[in-house]
Amino acid sequence: MKKFSILLAAIAVFGAVELSAQTVNEVNTKYNEAVALIQNKNYAGAIPVLEQAVEMGLNAGADAASTVTAAQKLLPTCYFQNGLNLCKTGNFDNALASLDKAVMYSQLFQDFKTEANARKLISQTYTFMGAKAFNEKDWAKAIEIFSKGYESNPKDTDLALYLAESYAASGDYENGLKVYRDVMALEQQHSRYAEPAAQAKEKYVYYQLLRASEAASESDKEGVYAAIDELLTVDPTNAQAQLLRIQTATNAQDWANVIAWGEAAAEAQTDADVQSDIYYMLGAAYQNTENKEAALATYAKVTSGNSVAAAKTQVDILTKPAPAK
């Protein structure tokens with residue numbers, strides 16, 4: 001790369017120097033040799049010949065500039081096609097090396113279409129290479145392989161979902177959930193990402209709930225709150241998440257948060273019994289903060305399920321006349 005830029009600078013300085021026609025003809029001959037190889041689909045053979053033509057042309061000077069440009073424009077495609085052929089034979093390591101060169105030369109010579117194709121094939125190759133580790137639940141190996149492809153092409157949603165699952169299944173929720181969020185965000189760019197975005201959302205909710213449940217089993221109140229807060233930014237009316245958060249707050253006697261979250265949690269439920277349970281917990285929060293009026297109004301909403309009797313008992317306590325003095 002630096003060599004090209006140095007030589008190009010030299011051409012600019014010494015471009016006026018007369019060169020022999022023979023030198024330029026040699027460059028053209030070398031270029032035509034590469035073209036013949038490309039026409040025969042011998043891309044591996046054409047690559048070194050094209051690179052020789054470029055170097056000869058740069059040394060030759062300005063008179064060979066058009067041939068140099070033509071050779072440079074062919075390099076990204078040749079590296080891509082060579083990488084594709086190597087993939088077909090299962091020679092993945094060499095294929096990836098060739099595809100990396102395709103990306104490099106595409107960027108250098110502004111061949112954006114070939115760059116996109118090369119990045120796509122790179123990520124597909126890594127997906128194929130990581131399949132065995134993924135299926136065997138060798139998450140560390142799967143992450144190692146998939147992350148390389150994801151770095152090259154983060155818009156390959158198939159690979160991204162495999163990578164996110166590998167992270168999350170390994171217990172690395174932070175990285176897994178980040179990749180799921182990135183996949184969800186792609187839907188804002190184009191509707192073709194709607195289906196993988198929906199899959200990412202489903203998995204994101206699943207792993208956030210799992211993360212919250214694990215925190216709850218360890219009596220980690222703040223861990224539960226954090227996981228569910230993140231989940232609700234994606235699925236605000238998730239009934240299971242709302243219930244778990246209220247249960248956690250109730251068990252911790254965190255009455256302020258039970259009151260803050262109670263109504264929304266109850267409204268999110270589709271099961272009348274579960275909704276009544278939440279109203280019972282909310283009523284208890286009001287009762288324990290000495291808001292008798294709100295407690296009674298909330299206990300009145302406990303109309304089904306296992307909490308009906310308990311709610312009635314608390315109503316009786318709250319409404320029992322004070323003993324005579």
# chains A, B, ... in the order shown; residues from 1 in each chain; ligands from 1
>>> residues_around(residues="range 247-263 of chain A", least_positions_apart="2", cutoff="8 Å", atoms="only C-alpha atoms", output="PyMOL selection string")
chain A and resi 216+221+224+242-245+265-267+278-279+281-282+285-286+288-289
>>> write_last_selection(atoms="N, CA, C and O atoms", output="JSON list (two decimals), in the first residue's frame")
[["chain", "number", "residue", "atom", "x", "y", "z"],
["A", 216, "ALA", "N", -32.85, -13.03, 40.45],
["A", 216, "ALA", "CA", -33.87, -13.22, 41.49],
["A", 216, "ALA", "C", -33.53, -14.42, 42.38],
["A", 216, "ALA", "O", -33.72, -14.37, 43.60],
["A", 221, "LYS", "N", -31.74, -8.00, 43.92],
["A", 221, "LYS", "CA", -32.84, -7.12, 43.53],
["A", 221, "LYS", "C", -32.44, -6.17, 42.40],
["A", 221, "LYS", "O", -33.16, -6.03, 41.40],
["A", 224, "VAL", "N", -32.18, -7.86, 39.03],
["A", 224, "VAL", "CA", -33.50, -8.08, 38.44],
["A", 224, "VAL", "C", -34.01, -6.79, 37.81],
["A", 224, "VAL", "O", -34.45, -6.78, 36.65],
["A", 242, "GLN", "N", -43.02, -7.80, 33.77],
["A", 242, "GLN", "CA", -43.70, -6.91, 34.72],
["A", 242, "GLN", "C", -44.02, -7.64, 36.02],
["A", 242, "GLN", "O", -43.86, -7.10, 37.12],
["A", 243, "LEU", "N", -44.46, -8.89, 35.91],
["A", 243, "LEU", "CA", -44.80, -9.68, 37.09],
["A", 243, "LEU", "C", -43.56, -9.96, 37.94],
["A", 243, "LEU", "O", -43.58, -9.79, 39.16],
["A", 244, "LEU", "N", -42.48, -10.38, 37.29],
["A", 244, "LEU", "CA", -41.26, -10.72, 38.03],
["A", 244, "LEU", "C", -40.72, -9.49, 38.77],
["A", 244, "LEU", "O", -40.26, -9.60, 39.92],
["A", 245, "ARG", "N", -40.80, -8.34, 38.14],
["A", 245, "ARG", "CA", -40.29, -7.13, 38.80],
["A", 245, "ARG", "C", -41.11, -6.78, 40.04],
["A", 245, "ARG", "O", -40.56, -6.44, 41.09],
["A", 265, "ALA", "N", -47.98, -3.02, 35.64],
["A", 265, "ALA", "CA", -47.80, -4.47, 35.67],
["A", 265, "ALA", "C", -49.13, -5.20, 35.60],
["A", 265, "ALA", "O", -49.28, -6.20, 34.89],
["A", 266, "ALA", "N", -50.11, -4.69, 36.32],
["A", 266, "ALA", "CA", -51.44, -5.31, 36.30],
["A", 266, "ALA", "C", -52.08, -5.20, 34.93],
["A", 266, "ALA", "O", -52.66, -6.15, 34.41],
["A", 267, "GLU", "N", -51.96, -4.04, 34.32],
["A", 267, "GLU", "CA", -52.56, -3.81, 33.00],
["A", 267, "GLU", "C", -51.93, -4.68, 31.92],
["A", 267, "GLU", "O", -52.57, -4.99, 30.91],
["A", 278, "ILE", "N", -51.27, -9.29, 41.38],
["A", 278, "ILE", "CA", -50.51, -8.03, 41.35],
["A", 278, "ILE", "C", -51.25, -6.94, 42.12],
["A", 278, "ILE", "O", -50.63, -6.18, 42.88],
["A", 279, "TYR", "N", -52.56, -6.88, 41.96],
["A", 279, "TYR", "CA", -53.32, -5.89, 42.72],
["A", 279, "TYR", "C", -53.20, -6.16, 44.22],
["A", 279, "TYR", "O", -53.17, -5.22, 45.03],
["A", 281, "MET", "N", -50.55, -7.42, 45.72],
["A", 281, "MET", "CA", -49.22, -6.91, 46.10],
["A", 281, "MET", "C", -49.21, -5.39, 46.15],
["A", 281, "MET", "O", -48.60, -4.78, 47.05],
["A", 282, "LEU", "N", -49.90, -4.76, 45.20],
["A", 282, "LEU", "CA", -49.97, -3.30, 45.19],
["A", 282, "LEU", "C", -50.75, -2.78, 46.39],
["A", 282, "LEU", "O", -50.36, -1.79, 47.03],
["A", 285, "ALA", "N", -48.57, -2.83, 49.34],
["A", 285, "ALA", "CA", -47.61, -1.73, 49.32],
["A", 285, "ALA", "C", -48.26, -0.45, 49.85],
["A", 285, "ALA", "O", -47.66, 0.28, 50.66],
["A", 286, "TYR", "N", -49.49, -0.18, 49.42],
["A", 286, "TYR", "CA", -50.19, 1.00, 49.93],
["A", 286, "TYR", "C", -50.44, 0.86, 51.44],
["A", 286, "TYR", "O", -50.28, 1.82, 52.21],
["A", 288, "ASN", "N", -48.74, -0.84, 53.63],
["A", 288, "ASN", "CA", -47.50, -0.72, 54.40],
["A", 288, "ASN", "C", -46.91, 0.68, 54.37],
["A", 288, "ASN", "O", -46.00, 0.98, 55.15],
["A", 289, "THR", "N", -47.42, 1.51, 53.48],
["A", 289, "THR", "CA", -47.00, 2.92, 53.49],
["A", 289, "THR", "C", -48.09, 3.81, 54.08],
["A", 289, "THR", "O", -48.08, 5.02, 53.91]]
>>> residues_around(residues="range 105-113 of chain A", least_positions_apart="5", cutoff="12 Å", atoms="only C-alpha atoms", output="ChimeraX atom specification")
/A:1-2,4-5,47,51,68-80,98-100,118-120
>>> atom_distance(atom1="CA of Ala310 in chain A", atom2="CA of Lys292 in chain A")
16.1 Å
>>> atom_distance(atom1="CA of Asn85 in chain A", atom2="CA of Asn117 in chain A")
13.9 Å
>>> closest_residue(among="A:Gln208, A:Gln39, A:Thr237, A:Thr157", to="Tyr225 in chain A", atoms="only C-alpha atoms")
A:Gln208
>>> decode(residues="range 140-156 of chain A", atoms="all heavy atoms", output="CSV table (one decimal), in the first residue's frame")
chain,number,residue,atom,x,y,z
A,140,ALA,N,-17.0,-21.1,23.1
A,140,ALA,CA,-15.8,-20.3,23.0
A,140,ALA,C,-15.3,-20.4,21.5
A,140,ALA,O,-14.9,-19.3,21.0
A,140,ALA,CB,-14.7,-20.8,24.0
A,141,LYS,N,-15.3,-21.6,21.0
A,141,LYS,CA,-14.8,-21.7,19.6
A,141,LYS,C,-15.7,-21.0,18.6
A,141,LYS,O,-15.3,-20.4,17.6
A,141,LYS,CB,-14.6,-23.2,19.2
A,141,LYS,CG,-14.0,-23.5,17.9
A,141,LYS,CD,-12.6,-23.0,17.8
A,141,LYS,CE,-11.9,-23.4,16.5
A,141,LYS,NZ,-10.5,-22.9,16.5
A,142,ALA,N,-17.0,-21.2,18.8
A,142,ALA,CA,-18.0,-20.6,18.0
A,142,ALA,C,-17.9,-19.1,18.0
A,142,ALA,O,-17.9,-18.4,16.9
A,142,ALA,CB,-19.4,-21.0,18.4
A,143,ILE,N,-17.7,-18.5,19.2
A,143,ILE,CA,-17.6,-17.1,19.3
A,143,ILE,C,-16.3,-16.6,18.6
A,143,ILE,O,-16.3,-15.6,17.8
A,143,ILE,CB,-17.5,-16.7,20.8
A,143,ILE,CG1,-18.9,-16.8,21.4
A,143,ILE,CG2,-17.0,-15.2,20.9
A,143,ILE,CD1,-18.8,-16.8,22.9
A,144,GLU,N,-15.2,-17.3,18.7
A,144,GLU,CA,-14.0,-17.0,18.1
A,144,GLU,C,-14.1,-16.9,16.5
A,144,GLU,O,-13.6,-16.0,15.9
A,144,GLU,CB,-12.9,-18.0,18.4
A,144,GLU,CG,-11.6,-17.8,17.7
A,144,GLU,CD,-10.6,-18.9,17.9
A,144,GLU,OE1,-10.8,-19.8,18.8
A,144,GLU,OE2,-9.5,-18.9,17.3
A,145,ILE,N,-14.8,-17.9,16.0
A,145,ILE,CA,-15.0,-17.9,14.5
A,145,ILE,C,-16.1,-16.9,14.1
A,145,ILE,O,-15.8,-16.1,13.2
A,145,ILE,CB,-15.4,-19.3,14.1
A,145,ILE,CG1,-14.3,-20.3,14.4
A,145,ILE,CG2,-15.8,-19.4,12.6
A,145,ILE,CD1,-14.7,-21.8,14.2
A,146,PHE,N,-17.2,-16.9,14.7
A,146,PHE,CA,-18.3,-16.0,14.2
A,146,PHE,C,-17.9,-14.5,14.4
A,146,PHE,O,-18.3,-13.7,13.5
A,146,PHE,CB,-19.6,-16.3,15.0
A,146,PHE,CG,-20.2,-17.6,14.7
A,146,PHE,CD1,-20.9,-18.4,15.7
A,146,PHE,CD2,-20.2,-18.2,13.4
A,146,PHE,CE1,-21.5,-19.6,15.4
A,146,PHE,CE2,-20.8,-19.4,13.2
A,146,PHE,CZ,-21.4,-20.1,14.2
A,147,SER,N,-17.2,-14.2,15.4
A,147,SER,CA,-16.9,-12.8,15.6
A,147,SER,C,-16.0,-12.2,14.5
A,147,SER,O,-16.1,-11.0,14.2
A,147,SER,CB,-16.2,-12.6,17.0
A,147,SER,OG,-15.0,-13.3,17.1
A,148,LYS,N,-15.2,-13.1,13.9
A,148,LYS,CA,-14.3,-12.6,12.8
A,148,LYS,C,-15.2,-12.3,11.6
A,148,LYS,O,-15.0,-11.3,10.9
A,148,LYS,CB,-13.3,-13.7,12.4
A,148,LYS,CG,-12.3,-13.9,13.5
A,148,LYS,CD,-11.4,-15.1,13.1
A,148,LYS,CE,-10.3,-15.4,14.2
A,148,LYS,NZ,-9.5,-16.5,13.9
A,149,GLY,N,-16.2,-13.1,11.3
A,149,GLY,CA,-17.1,-12.8,10.2
A,149,GLY,C,-18.0,-11.6,10.5
A,149,GLY,O,-18.2,-10.8,9.6
A,150,TYR,N,-18.4,-11.5,11.7
A,150,TYR,CA,-19.3,-10.4,12.1
A,150,TYR,C,-18.5,-9.0,12.0
A,150,TYR,O,-19.1,-8.0,11.6
A,150,TYR,CB,-19.8,-10.6,13.5
A,150,TYR,CG,-20.8,-9.5,14.0
A,150,TYR,CD1,-22.0,-9.5,13.4
A,150,TYR,CD2,-20.5,-8.6,15.0
A,150,TYR,CE1,-23.0,-8.5,13.8
A,150,TYR,CE2,-21.4,-7.7,15.4
A,150,TYR,CZ,-22.6,-7.6,14.8
A,150,TYR,OH,-23.6,-6.7,15.2
A,151,GLU,N,-17.2,-9.1,12.3
A,151,GLU,CA,-16.4,-7.8,12.2
A,151,GLU,C,-16.4,-7.4,10.7
A,151,GLU,O,-16.4,-6.2,10.4
A,151,GLU,CB,-15.0,-8.1,12.7
A,151,GLU,CG,-14.1,-6.9,12.7
A,151,GLU,CD,-12.7,-7.2,13.2
A,151,GLU,OE1,-12.5,-8.3,13.7
A,151,GLU,OE2,-11.9,-6.3,13.1
A,152,SER,N,-16.3,-8.4,9.8
A,152,SER,CA,-16.2,-8.0,8.4
A,152,SER,C,-17.5,-7.6,7.8
A,152,SER,O,-17.6,-6.7,7.0
A,152,SER,CB,-15.7,-9.2,7.6
A,152,SER,OG,-15.7,-9.0,6.2
A,153,ASN,N,-18.6,-8.2,8.3
A,153,ASN,CA,-20.0,-7.9,7.7
A,153,ASN,C,-21.0,-8.0,8.8
A,153,ASN,O,-21.8,-9.0,8.9
A,153,ASN,CB,-20.2,-8.9,6.6
A,153,ASN,CG,-21.5,-8.7,5.9
A,153,ASN,OD1,-22.1,-7.6,6.0
A,153,ASN,ND2,-22.0,-9.6,5.2
A,154,PRO,N,-21.2,-6.9,9.6
A,154,PRO,CA,-22.2,-6.9,10.7
A,154,PRO,C,-23.7,-6.9,10.2
A,154,PRO,O,-24.6,-7.1,11.0
A,154,PRO,CB,-21.9,-5.6,11.4
A,154,PRO,CG,-21.2,-4.7,10.5
A,154,PRO,CD,-20.4,-5.7,9.6
A,155,LYS,N,-23.9,-6.8,8.9
A,155,LYS,CA,-25.2,-6.9,8.3
A,155,LYS,C,-25.6,-8.3,7.9
A,155,LYS,O,-26.7,-8.5,7.4
A,155,LYS,CB,-25.4,-5.9,7.1
A,155,LYS,CG,-25.3,-4.4,7.6
A,155,LYS,CD,-25.6,-3.5,6.4
A,155,LYS,CE,-25.6,-2.0,6.9
A,155,LYS,NZ,-25.9,-1.1,5.8
A,156,ASP,N,-24.7,-9.2,8.1
A,156,ASP,CA,-25.1,-10.6,7.8
A,156,ASP,C,-25.8,-11.1,9.1
A,156,ASP,O,-25.3,-11.5,10.1
A,156,ASP,CB,-23.8,-11.5,7.6
A,156,ASP,CG,-24.1,-12.9,7.3
A,156,ASP,OD1,-25.2,-13.4,7.6
A,156,ASP,OD2,-23.3,-13.6,6.6
